[in-house]
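Participant: What follows is a structure written as structure tokens; I'll ask about it next.
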There are 4 protein chains.
Amino acid sequence: MTDMAELPPEPSGWLSDRELQHVRGELPLLYVNAIPVRISPTGQLTHVGLLLRADDGMISRAIVAGRVMYHETVRDALLRNLEKDLGTVALPRLPLNPTPFAVAEYFPTPGVTPFHDTRQHAVALAFVVAVDGDCEPSQNALDISWLTPEEAASEDIANEMVGGQDVLVRQALAYCGVLP
Amino acid sequence: MTDMAELPPEPSGWLSDRELQHVRGELPLLYVNAIPVRISPTGQLTHVGLLLRADDGMISRAIVAGRVMYHETVRDALLRNLEKDLGTVALPRLPLNPTPFAVAEYFPTPGVTPFHDTRQHAVALAFVVAVDGDCEPSQNALDISWLTPEEAASEDIANEMVGGQDVLVRQALAYCGVLP
Amino acid sequence: MTDMAELPPEPSGWLSDRELQHVRGELPLLYVNAIPVRISPTGQLTHVGLLLRADDGMISRAIVAGRVMYHETVRDALLRNLEKDLGTVALPRLPLNPTPFAVAEYFPTPGVTPFHDTRQHAVALAFVVAVDGDCEPSQNALDISWLTPEEAASEDIANEMVGGQDVLVRQALAYCGVLP
Amino acid sequence: MTDMAELPPEPSGWLSDRELQHVRGELPLLYVNAIPVRISPTGQLTHVGLLLRADDGMISRAIVAGRVMYHETVRDALLRNLEKDLGTVALPRLPLNPTPFAVAEYFPTPGVTPFHDTRQHAVALAFVVAVDGDCEPSQNALDISWLTPEEAASEDIANEMVGGQDVLVRQALAYCGVLP
């Protein structure tokens, strides 16, 4: 899951790149994952937003992801990472209930869980977040596309996702009662 | 719980008052309960809205409540009852996830559960709903007051609520991570 | 969803068959749905139990389902219906948290929700229930079969289920983190 | 929250004490919190188990807590920490659904959240776990006491807990529908 590495510049006092590299092999790192969605006037999920990325010439689709920093709340980490990936006018609506709908455990070894990240053991608190505003791809993404639940759960899209995030998207659809 | 009786006029074809009276002693009736809340820009619960009612000269506080009608979805019943009690410009945001945070089982016999309704056995799917707009008390309510989590969970307010709804309010605060 | 009609004999004082028939067209009826599962020693879902039924010469697969009766708690209704469908030594473990993982709204009109019941508007609180003991099909079922998550989520099994219960099974697998 | 430091010996290859000390000031560390409970035959919470500890001559009560290690699943971390604190014959029943009922964010600075840990920024996935077997205090605890929901939610018990764990206990009671 190459996306999870796209970290913003960190304030001094935090781990250096070299230290973080070391820690990645010693500790599970805490992440947030967010699945941006469009909703109908009555609050029902209509579309799922996936980021289009080009990493090493490979095109892939991804959800919003990023680390929780030292002395940062999960809620603030969610907002920061949503802004990083969707821009400043996406107007995300964080859930009232701060409990994730799923905990995605990305293991460096494939097969332990449905989730896999070659670089590290990352544990991501996953949320579905309605966004009302305009989303503009950040420098890390080529585009954002909005898919119907049917499209988002399709095999074609699953094949374009990495690290098991297709499983998380389908879990999110099930959680919102719109798994096709 | 006198509030749960305040039903809107129903389309013909539904049960007559006399029939409904009879069914009330034979079947559990399906209700929705909604706890309206105000949220901060980052999505955290800041205030709980309680309706002020005068029934038979008694002043009490209540949450939004009403029946789910035949051929009505739970989501539509929520919207209809929120509009009935908070007016047309409250702009409620229904949760993405249509699963209630609690199921309040109101029994005609006190003590079976924390919830009690002398008139009937009512099972209410309970939701916390953020409202952004202006709330205006309907004909059934004198006023709406917005309380901090501390106030809403206080003994004073609990004493002004009936049918065990004070328990449901504290469950909602716990669910949103702001139980004082 | 023919299964939901298989009601046990009811104590006197409850609705007669004729009355129930009438009410079915006037009110949403409250049901419980239970998906029995086998778990590993560490508590992970390994198999889903589906009932095999023969109704009017049609073979179908179904989950545990039944009405919540007057003055019966949801928990007691769950236990009664599990015993009705799985026998007396199934040893079901009800969840600590009495909130359903999903609310399945069966409409008499197809297409309103994923769930459909020609006879009535039924709203079912749905639970996943681990069973440790021996399950023996009741008179209403020919057999109980235990399927892996992959099998339970397959198109073949979905085709053998009615009323949209295949959707609920996949929602349950997603909820338990084992959606294939 | 002194309890969260009681870590078991770790396999070589993991962080040394000195390294862990350093990382504690740079990264949020991932923990699990577990609230052991006794249940009735129908699965309802009847008692909450709290550990009695003596740290630096101060007596306090605590829930089960511990770190998630590198390459360890949350489920395995829960089982390991339950065994560490309750012994080998407690027979804990992990929830089918691997999502925590709450995420407790322990900050080194008091007041940011209800949870506080002077040593570190720890983010704990919190679970309620029914235990059927005998619980025996480990070397870190003097005793385990089983309290009714009323006792567990009382001010007296809250005063004996540190780091905000009394809030988490009341959140757990609310989640299980037995908040007094």
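Chain labels run A, B, ... following the order of the structure tokens; each chain numbers its residues from 1, and ligands are numbered from 1 in the order shown.
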Restrict the distance test to only C-alpha atoms, flag each residue of chain D within 8 Å of chain B, and return the flagged residues as a ChimeraX atom specification.
Facilitator: /D:102,167,170-171,174-175,177,179-180
Participant: Dump N, CA and C atoms for the selected residues as a tab-separated table (two decimals), in the first residue's frame?
Facilitator:
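To be explicit, this is the file written out as again_13.tsv:
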chain	number	residue	atom	x	y	z
D	102	ALA	N	-14.99	1.41	21.62
D	102	ALA	CA	-14.50	2.78	21.81
D	102	ALA	C	-13.01	2.81	21.53
D	167	VAL	N	-14.16	6.53	32.97
D	167	VAL	CA	-15.01	6.97	31.85
D	167	VAL	C	-15.22	5.81	30.88
D	170	ARG	N	-17.72	3.32	32.16
D	170	ARG	CA	-19.11	3.75	31.99
D	170	ARG	C	-19.54	3.72	30.52
D	171	GLN	N	-18.59	4.01	29.62
D	171	GLN	CA	-18.90	3.87	28.19
D	171	GLN	C	-19.24	2.41	27.87
D	174	ALA	N	-22.72	1.58	29.05
D	174	ALA	CA	-23.70	2.17	28.13
D	174	ALA	C	-23.81	1.33	26.87
D	175	TYR	N	-22.66	0.90	26.36
D	175	TYR	CA	-22.62	0.09	25.14
D	175	TYR	C	-23.38	-1.23	25.33
D	177	GLY	N	-25.83	-1.61	27.32
D	177	GLY	CA	-27.23	-1.34	27.69
D	177	GLY	C	-27.51	-1.45	29.17
D	179	LEU	N	-26.02	0.81	31.62
D	179	LEU	CA	-25.58	1.99	32.35
D	179	LEU	C	-26.65	2.34	33.38
D	180	PRO	N	-26.30	2.39	34.67
D	180	PRO	CA	-27.34	2.66	35.66
D	180	PRO	C	-27.77	4.13	35.63
Participant: Within 8 Å of A:Ile144, counting only C-alpha atoms, which residues show up once you throw out same-chain ones fewer than 2 positions away? Write them as a PDB file with N, CA and C atoms, in the first residue's frame, please.
Facilitator:
ATOM      1  N   GLY A  49     -15.784   7.797  -3.363  1.00  0.00           N
ATOM      2  CA  GLY A  49     -14.678   8.489  -4.013  1.00  0.00           C
ATOM      3  C   GLY A  49     -13.378   7.719  -3.894  1.00  0.00           C
ATOM      4  N   LEU A  50     -12.759   7.438  -5.033  1.00  0.00           N
ATOM      5  CA  LEU A  50     -11.460   6.766  -5.004  1.00  0.00           C
ATOM      6  C   LEU A  50     -10.425   7.649  -5.689  1.00  0.00           C
ATOM      7  N   LEU A  51      -9.239   7.705  -5.103  1.00  0.00           N
ATOM      8  CA  LEU A  51      -8.137   8.484  -5.662  1.00  0.00           C
ATOM      9  C   LEU A  51      -7.439   7.668  -6.736  1.00  0.00           C
ATOM     10  N   LEU A  52      -7.080   8.340  -7.821  1.00  0.00           N
ATOM     11  CA  LEU A  52      -6.321   7.678  -8.882  1.00  0.00           C
ATOM     12  C   LEU A  52      -4.856   8.074  -8.715  1.00  0.00           C
ATOM     13  N   CYS A 135     -13.914  18.303  -4.401  1.00  0.00           N
ATOM     14  CA  CYS A 135     -12.687  17.588  -4.095  1.00  0.00           C
ATOM     15  C   CYS A 135     -11.706  17.802  -5.233  1.00  0.00           C
ATOM     16  N   GLU A 136     -10.492  18.185  -4.890  1.00  0.00           N
ATOM     17  CA  GLU A 136      -9.483  18.357  -5.924  1.00  0.00           C
ATOM     18  C   GLU A 136      -8.286  17.492  -5.564  1.00  0.00           C
ATOM     19  N   PRO A 137      -7.839  16.716  -6.518  1.00  0.00           N
ATOM     20  CA  PRO A 137      -6.724  15.818  -6.224  1.00  0.00           C
ATOM     21  C   PRO A 137      -5.503  16.606  -5.789  1.00  0.00           C
ATOM     22  N   ALA A 141      -2.150  12.612  -6.128  1.00  0.00           N
ATOM     23  CA  ALA A 141      -3.175  11.888  -6.892  1.00  0.00           C
ATOM     24  C   ALA A 141      -3.386  12.562  -8.233  1.00  0.00           C
ATOM     25  N   LEU A 142      -3.718  11.772  -9.245  1.00  0.00           N
ATOM     26  CA  LEU A 142      -4.009  12.304 -10.573  1.00  0.00           C
ATOM     27  C   LEU A 142      -5.433  12.818 -10.644  1.00  0.00           C
ATOM     28  N   TRP A 146     -15.772   9.297  -8.739  1.00  0.00           N
ATOM     29  CA  TRP A 146     -16.916   8.946  -7.892  1.00  0.00           C
ATOM     30  C   TRP A 146     -17.655   7.790  -8.526  1.00  0.00           C
TER      31      TRP A 146
END
Participant: If DSSP is run on the backbone, what residues of stretch 19-171 of chain B are helix (DSSP H, G or I)? A reply as a ChimeraX atom specification would be ideal.
Facilitator: /B:19-23,74-86,149-152,155-159,165-171
Participant: Here is a test: counting only C-alpha atoms, which residue of A:Ser16, A:Pro28, A:Asn159, A:Glu151 is nearest to D:Ala77?
Facilitator: A:Pro28
Participant: Find the residues around A:Thr109 up to 8 Å (only C-alpha atoms counted), leave out those fewer than 6 positions away in its own chain, and share them as JSON, numbers by chain.
Facilitator: {"A": [116, 117, 118]}
Participant: For a quick check of understanding, using only C-alpha atoms, which of B:Leu91, B:Thr73, B:Tyr31, B:Asp85 has the smallest distance to C:Phe115?
Facilitator: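 Checking each candidate against C:Phe115, we get B:Thr73 as the closest.
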